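Working notes, structure below.
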Amino acid sequence: MTDPNRERYRIRETAFYLFTQQSLPACKPVLTPGWVITIFLFMGLIFIPVGLVTLRASHSVVEIVDRYDIECVPESSRIDKISYIQDDSIPKNCSRFMKVRKYMKAPINIYYQLDNYYQNHRRYVKSRSDKQLLHGRKYHDTSSCQPVELNNGQPIVPCGLIAWSLFNDSFTFIRERAELKVNRKNIAWKSDRDHKFGKNVHPFSFQNGTLIGGGKLYPKIPLSDQEDLIVWMRTSALPSFRKLYGRIEEDLDVDDVIVVNLMNNYNTYSFGGKKKLVLSTSSWLGGKNNFLGHACIIVGCSSLVLAIVFTLLHLKYRRPYGDTSYLPWNRKSLSG
Amino acid sequence: MVGARRRKQHFSRIHAFSCGKASFRGDHSLIGGPGFSRVVYCNDPECFEASLHNYNDNYVRSTKYTLATFFPKSLFEQFRRAANFYFLICAVLAFTPLSPYSAVSNILPLVVVIGATMGKEAVEDWRRKKQDIEVNNREVKMHQGDGVFEHTKWMDLKVGDIVKVEKDEFFPADLILLSSSYEEAICYVETMNLDGETNLKLKQASDVTSSLHEDSSFQNFKAVIRCEDPNANLYSFVGSLELGDEQHPLSPQQLLLRDSKLRNTDYIFGVVIFTGRDTKVIQNSTEPPSKRSKVEKRMDKIVYFLFAVLVVLSIIGSIFFGIETREDLENGVMTRWYLRPDETTIYYDPKRAAVAAILQFLTALMLYSYLIPISLYVSIEIVKVLQSIFINQDLHMYYEEADKPARARTSNLNEELGQVDTILSDKTGTLTCNSMEFIKCSIAGTSYGHGITEVERALAWRKGSPLAQEVAVVEGQVKEENKEEKPAVKGFNFVDERIMNGNWPNEPHDDVIQKFLRLLAICHTAIPEVDEETGRISYEAESPDEAAFVVAAKELGFEFYERTQTSISLYEFNLSGKKVKRSYDLLNILEFSSSRKRMSVIVRNEEGKLLLLCKGADSVMFERLAKNGQEFAEQTKEHIEEYADAGLRTLVLAYREIDEEEYVKFNEEFTEAKNVVSADREEMIEEVAEKIERDLILLGATAVEDKLQNGVPECIDKLAQAGIKIWVLTGDKMETAINIGFACSLLRQGMKQVVINSETPENKALEKSGDKTAAAAACKASVIQQIAEGKQLLASSNENSEALALIVDGKSLTHALEDDVKDSFLELAIGCASVICCRSSPKQKALVTRLVKTKTGSTTLAIGDGANDVGMLQEADIGVGISGVEGMQAVMSSDIAIAQFRYLERLLLVHGHWCYRRISSMICYFFYKNIAFGFTIFFFEIYASFSGQAVYNDWFLSLYNVFFTSLPVIALGVFDQDVSSRLCLKFPLLYQEGIQNVLFSWLRILAWAFNGVLSATIIFFFCIRAMQHQAFRKGGEVAGLEVLGATMYTCVVWVVNCQMALSITYFTYIQHLFIWGGIILWYIFLMAYGAMDPNISTTAYKVFIEACAPAGSFWLLTLLVLVTSLLPYFAYSAIQIRFFPMYHQMIQWIRSDGQSDDPEYCHIVRQRSLRHTTVGYTARFEAKSRSSEERGEGHR
């Protein structure tokens, strides 16, 4: 081989040459029956165990749900629940009993759950001022907070519909006459407490207007420590949602009966929403939800079924690869 | 002055037909009137009067934009596109409270997309600009006053400047020729750039200025030229030259056009009359028609479909929103009190719910805009440019000899290359080389020359045994080896030792041979060019066959080396084998014309004898032979037939001696005829010429091969196997066209030929009788009848699957293309396996192309190389120019230029197929990914009472199209290959996927859209079901809007990218990088964005680091959603590939099974098609084997 030839040969081997000639080394997988069956089987074998593990985690979670929005309205007022809830003169306290059916290991998360409550409504979501939450009254441009922006010319801190409609039912838990300690700290995301809600921002002229929305805030405590508010201000994604209220840091035994004394302040009756109280332990996957586990098992099973069906079809209908009679242009001429 | 005039008349006597003199007749009276107002002050462009006119300068601009107009103009261009305009409106609305997202995040993608497109425009324009700068800064010698000529830039020329152009330079502007280095003030001009003609044109200056030979003679030259205004007509010019008090007419004969080239003349002087934009060539340049591919047109429809979906979704959303908003206040009591419906803005006002709903409709239009892929157009443009680069880079389409790669001039049509149904091909220069080779001759009844033509080779093949093929192949190899040994002489492929190397005096009839060769050396209009360094002579001739004759004469010992206006000089071998110089006085040239079909020269040799030398077509020559000149007529006729059978062009050579008396008489009549100024001047000249071209003595005949280009038959065979129909449209006569048809296997023995011909004796007789309308009517009737007969034949042949060939001549074509006939003509033509149109004019070529294009609706590709193909190239869906020898005209108006016809095979079967596949799957995928994304947004709205709240962070939304999902699509569009180029060529039937448009059918598009909706459904409902209520992590926190958004978005990115990975079967590291890189990029972005200040990142603040990443359910959910979304597609494609594979999938099977090298197996796959290939040598081979089988059975 002469030198120029070798040179040419060398050029032909370079990546750039291969690139420009569109002949880069490539992996060209083809879905052969072997691969298809293997992949289906593999997926089945992965997902069924994963689903079982997931389901087990879900089952390990103990959850007690109690809907209280109707029961906590006195029988006499149930015809017109709205005027009951709007009447400040009526005391709103109410007691509920919850029976522990299974041993619950601390920490036990306390949630309140609201249904048919559109925290994800655009008007609602936008009605806040992140800068005001962080910097307080120093920050003036709170037009996004409309219509809860000003009160008699005074800026409202925290402004906006979300803060204004703060959830204000409260719960105390009593087991065998002793009050269960509820830890209401660390229920909000740390990043929110540290970086989104100011440490020196105190509520100002909050819920002083003509129309009182939801809960009030302690004027002396900075926003970063008002974790109820922080939790509430993380708007939910869907109209039915739970929010963390606190944690019981004692184990609950089977057949423990817990008395919940609650203040039924929050108006969900106007829009037909439900209120529920939820006690739940958590697993490595979070709370109780069988969906993930079921879905995994279904996917795994259907993979297995597909693998079998495909294998059977493959064995039954042997057709040479080269049979072109099903090609579109041949089908056309067959029929035509 | 008188002397000069005489000389010129002498000269014009030699060129009988071309050299008309201008006189003050007709048009010249218009000068000064409207349309003829230009006044040029020669040699005094700065004078006061000249400055009044303020003519254009000579700066030529081909750019679309200037610095000032770039932004407004290109922005306007951008927003003319419906989709872009929609996004512009969205961007404007984004600043109002209607917007569901922040304005900046919405505008950024638009800016990116528009910026990218504008960047591309700018780069393209910059390239043109550079070219402009190069052209405008070329230099030419300009008169600076006092007889001094100095180099000046082209752009500084002004109207009225005197320039001196030297040999082989281009003219810088339109000039009026004043004088040249020749006494007669003539010059030769090559106008290849203008009209594609390679022959040299003769120009001659007006008498009055022809004496200005020296630079210094322009010192005091002053004249005024009045002429027509700038116009686009290349062949007309009217003007007058005012010199002193005299007026002299100017005609096109004095006009030298910009972009043509001075040849064979040392220098000329000229005065600039049209500059810059006023020059005829620039006035002629028209914007080429913009072509769009079918795929793109369908894509527009899909975009409109998505718009419709968008509007429907928005309407649904706004109706529900209106209803829910109205219910917020029931009898003045707030229901959803937390929204404060009592103190609200117009957008949410329950009392005016209808208005709120309408405004919400606008919001929804913006929110669901993610259904429309904003980056689609720009991605496609980028992809197409890159594809074009690949086409240009392909070494398999690089013509090494001429250093010409393929060049995609427009990138719009790449995918159209994969859908070509009919190829309309020019013949000369496209199928053939347009280099004529002198290959055989018959002298004095003896045939000389052993060369084998392509056609003969093909014939040998046709006749027979594989042995014959091998012989042909071997011989071909021998021939090629021979070629390598000696430097091949262009135009000469003659091998016969009997008359080569000075052996001819030993032959019998050596005197005839001598006359024959002498005639070849004298009777032509070629011009010799002597290379000063090597002393070798080359020839400039009007046509390549003419050059072939001169070359042949030279190679056989009669070297023509000098032509003056009055003489022709040769070195010739005399009978004793000595080289002597002889020169002949050239008296007259009776030029070739298509009606005369012959040319003659009259010369006086050194002995004083007058000779008429004549060559012409056999049909006209034999009837002019003298009784005593027919000595070899019989044998010659036989040879001519033989040559014609072999696909050669033949000419008959004859001569005659004239006596003085006769010549003087002839010359008088001839001169008189030429000086006649009337419409039938030509006819009179013909008549006179005819009188003297008689009683000729036959010498012999020549045969010239119009060589097929390399690889043409193979290429045509491949294309035919791919199911592409090939039509040949040629200006040549029927016999030649049929010959070539045989040579390239478009015709074969046993194919029924339907010939539609109007050159029947009856028609001719009718025409002669003068009644033109009757002749036309009769002609049309006969054409209709012939078409009807052809159709009958077609109907009967359908049953026994015999292939038909249709051959139409130009005149019949005229009638066949009339409105009432063309449908049935087309029906017949489509039924035939091959169609050849001969004698067709450029306009007919274009008309046929249009007919096929519009009536069948299929994609047409026209391929040609000459100026006469321009119409066809522009009319066809794709015009492919052959960048051959016939000038640049075809290339300039083509969409793609290749150097050789055979590259068409690779261009279509490989690049066309790939590009079609890439673009169509890219578009499908684009719609898939946007529908998948858009529908998750829509589904969320159902749960947010259609309030227009987006589930994703603003920046997630806006970066989806430009960031996380665009690169893999571009990689798909640029690099994807279903099968390798080798297999593309091995299984040409694969090309049918494009013709049948199986990869971009509505069904397929809708299936992808459905897949998108399915993916969106699975993603959305799995995510909300998995995250709705309960804690999603160990700490007990629940998922808010931001966590759900980030999770869903992660799922979308995974699903969309993996869907891509699943649907392609070609992974280079680039694909891996882009697909997996896109996913990794998303996580990186999520972390980087989340780490920014909460003011910037808003809801995405630390959402990944703090909330999602530590949660097991986040990862598990991603995996589950990914697998579930892809499962339906995977199951579908597994079953489809296994049980209903498409052709490319079959080939993939074969490849992966390693059977692609098993010839028998491949043959099975290749031939399993029910559709028979009807042309090409494979078909020919099959037809032959079929018929021999039948015969064999018959014997039994």
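Residue numbers start at 1 in each chain; chains themselves are named A, B, ... in the order of the structure tokens; ligands are numbered from 1 in the order shown.
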Do me a favour and pick out the residues of chain A within 7 Å of chain B, using only C-alpha atoms, as a ChimeraX atom specification.
/A:20-21,24-31,33,36,109,118,120-124,147,161,165,196,234-239,241-244,270-271,282-289,291-292,296,299,321-324,326-327,329-330
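Near Leu371 in chain B, within 6 Å and counting only C-alpha atoms, sit Tyr368, Ser369, Asn930, Ile931 and Gly934 of chain B; same-chain residues fewer than 2 positions away were not included.
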Please produce an output containing C-alpha atoms for each residue in the selection, written as a compact mmCIF listing (two decimals), in the first residue's frame.
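As written to disk, part37.txt reads:
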```
# COMPACT_ATOMS: atom_id res chain seq x y z
CA TYR B 368 -52.88 25.62 26.19
CA SER B 369 -50.47 27.16 23.70
CA ASN B 930 -46.61 18.68 22.76
CA ILE B 931 -49.93 16.95 23.02
CA GLY B 934 -50.47 20.20 26.74
```
Using only C-alpha atoms, which residues sit within 9 Å of range 902-908 of chain B once same-chain residues fewer than 5 positions away are excluded, as a list in words?
Ile391, His396, Met397, Tyr398, Ala406, Leu417, Gly418, Gln419, Val420, Leu431, Gln709, Asn710, Gly711, Val712, Pro713, Glu714, Cys715, Ile716, Lys718, Leu719, Val880, His913, Trp914, Ser981, Cys984, Leu985 and Tyr991 of chain B
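Neighbouring residues of Glu228 in chain B at 8 Å or closer, counting only C-alpha atoms and skipping chain neighbours under 3 positions away, are Ile31, Gly35, Phe36, Ser37, Arg38, Phe237, Val238 and Gly239 of chain B.
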For range 209-214 of chain A, find every residue with an atom within 8 Å (counting only C-alpha atoms), except residues of its own chain fewer than 6 positions away, and show them as a list in words.
Asn151, Trp164, Ser165, Leu166, Phe167, Asn168 and Tyr266 of chain A; Tyr338 of chain B
Give me the residues within 10 Å of Ile70 in chain A as a ChimeraX atom specification, counting only C-alpha atoms and dropping any in the same chain fewer than 6 places off.
/A:78,81,269,274-275
Got time to write the residues from that selection, N, CA and C atoms, as a CSV table (one decimal), in the first residue's frame?
```csv
chain,number,residue,atom,x,y,z
A,78,ARG,N,-78.8,22.4,61.8
A,78,ARG,CA,-78.3,21.7,60.6
A,78,ARG,C,-79.1,22.2,59.4
A,81,LYS,N,-76.8,25.7,58.1
A,81,LYS,CA,-75.5,25.6,58.7
A,81,LYS,C,-74.7,26.9,58.5
A,269,TYR,N,-69.3,25.3,54.8
A,269,TYR,CA,-70.7,25.0,54.5
A,269,TYR,C,-71.2,25.8,53.4
A,274,LYS,N,-66.3,19.5,52.7
A,274,LYS,CA,-66.2,18.6,53.9
A,274,LYS,C,-65.0,18.9,54.7
A,275,LYS,N,-65.1,18.6,56.0
A,275,LYS,CA,-63.9,18.7,56.9
A,275,LYS,C,-63.7,17.4,57.5
```
Distance query range 252-255 of chain A at most 7 Å, only C-alpha atoms, self and fewer than 5 positions along chain excluded, as a short mmCIF file (atom, residue, chain, number, x, y, z; two decimals) with all heavy atoms, in the first residue's frame:
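That gives us result_28.cif:
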```cif
data_model
loop_
_atom_site.label_atom_id
_atom_site.label_comp_id
_atom_site.auth_asym_id
_atom_site.auth_seq_id
_atom_site.Cartn_x
_atom_site.Cartn_y
_atom_site.Cartn_z
N LYS A 99 -61.53 5.94 67.91
CA LYS A 99 -61.07 4.69 68.48
C LYS A 99 -59.86 4.19 67.68
O LYS A 99 -59.92 4.13 66.45
CB LYS A 99 -62.18 3.65 68.45
CG LYS A 99 -61.86 2.47 69.33
CD LYS A 99 -63.06 1.58 69.55
CE LYS A 99 -62.64 0.45 70.48
NZ LYS A 99 -63.51 -0.70 70.35
N VAL A 100 -58.82 3.89 68.37
CA VAL A 100 -57.62 3.38 67.70
C VAL A 100 -57.80 1.90 67.45
O VAL A 100 -58.00 1.13 68.39
CB VAL A 100 -56.37 3.64 68.56
CG1 VAL A 100 -55.13 3.12 67.86
CG2 VAL A 100 -56.24 5.11 68.86
N ARG A 101 -57.79 1.49 66.23
CA ARG A 101 -58.04 0.09 65.91
C ARG A 101 -56.74 -0.71 65.86
O ARG A 101 -56.75 -1.91 65.91
CB ARG A 101 -58.75 -0.05 64.56
CG ARG A 101 -60.01 0.76 64.47
CD ARG A 101 -61.12 0.02 63.73
NE ARG A 101 -62.38 0.73 63.86
CZ ARG A 101 -63.28 0.44 64.80
NH1 ARG A 101 -63.08 -0.53 65.66
NH2 ARG A 101 -64.41 1.14 64.87
N LYS A 102 -55.65 -0.01 65.66
CA LYS A 102 -54.38 -0.71 65.50
C LYS A 102 -53.32 0.11 66.22
O LYS A 102 -53.44 1.34 66.30
CB LYS A 102 -54.03 -0.79 64.02
CG LYS A 102 -53.90 -2.20 63.47
CD LYS A 102 -53.76 -2.12 61.96
CE LYS A 102 -52.73 -3.10 61.47
NZ LYS A 102 -52.53 -2.94 60.03
N TYR A 103 -52.33 -0.55 66.66
CA TYR A 103 -51.25 0.15 67.36
C TYR A 103 -50.64 1.21 66.44
O TYR A 103 -50.29 0.94 65.29
CB TYR A 103 -50.19 -0.86 67.79
CG TYR A 103 -48.94 -0.23 68.35
CD1 TYR A 103 -48.96 0.42 69.58
CD2 TYR A 103 -47.76 -0.27 67.63
CE1 TYR A 103 -47.82 1.01 70.09
CE2 TYR A 103 -46.61 0.30 68.13
CZ TYR A 103 -46.65 0.95 69.37
OH TYR A 103 -45.52 1.54 69.86
N MET A 104 -50.53 2.41 66.96
CA MET A 104 -49.95 3.49 66.15
C MET A 104 -48.70 3.98 66.84
O MET A 104 -48.71 4.41 67.99
CB MET A 104 -50.96 4.64 66.00
CG MET A 104 -52.16 4.29 65.16
SD MET A 104 -53.41 5.56 65.20
CE MET A 104 -52.90 6.58 63.86
N LYS A 105 -47.64 3.93 66.05
CA LYS A 105 -46.34 4.29 66.62
C LYS A 105 -46.10 5.78 66.40
O LYS A 105 -46.41 6.31 65.33
CB LYS A 105 -45.25 3.44 65.96
CG LYS A 105 -43.92 3.52 66.64
CD LYS A 105 -42.96 2.52 66.01
CE LYS A 105 -41.53 2.68 66.47
NZ LYS A 105 -41.19 3.72 67.39
#
```
Taking the DSSP assignment computed from this structure's backbone, write out as a PyMOL selection string all residues of range 23-251 of chain A that belong to strand (DSSP E or B).
chain A and resi 27+63-67+93-99+104+108-114+150-151+154-155+157+170-175+178-179+182-183+204+236+241-248
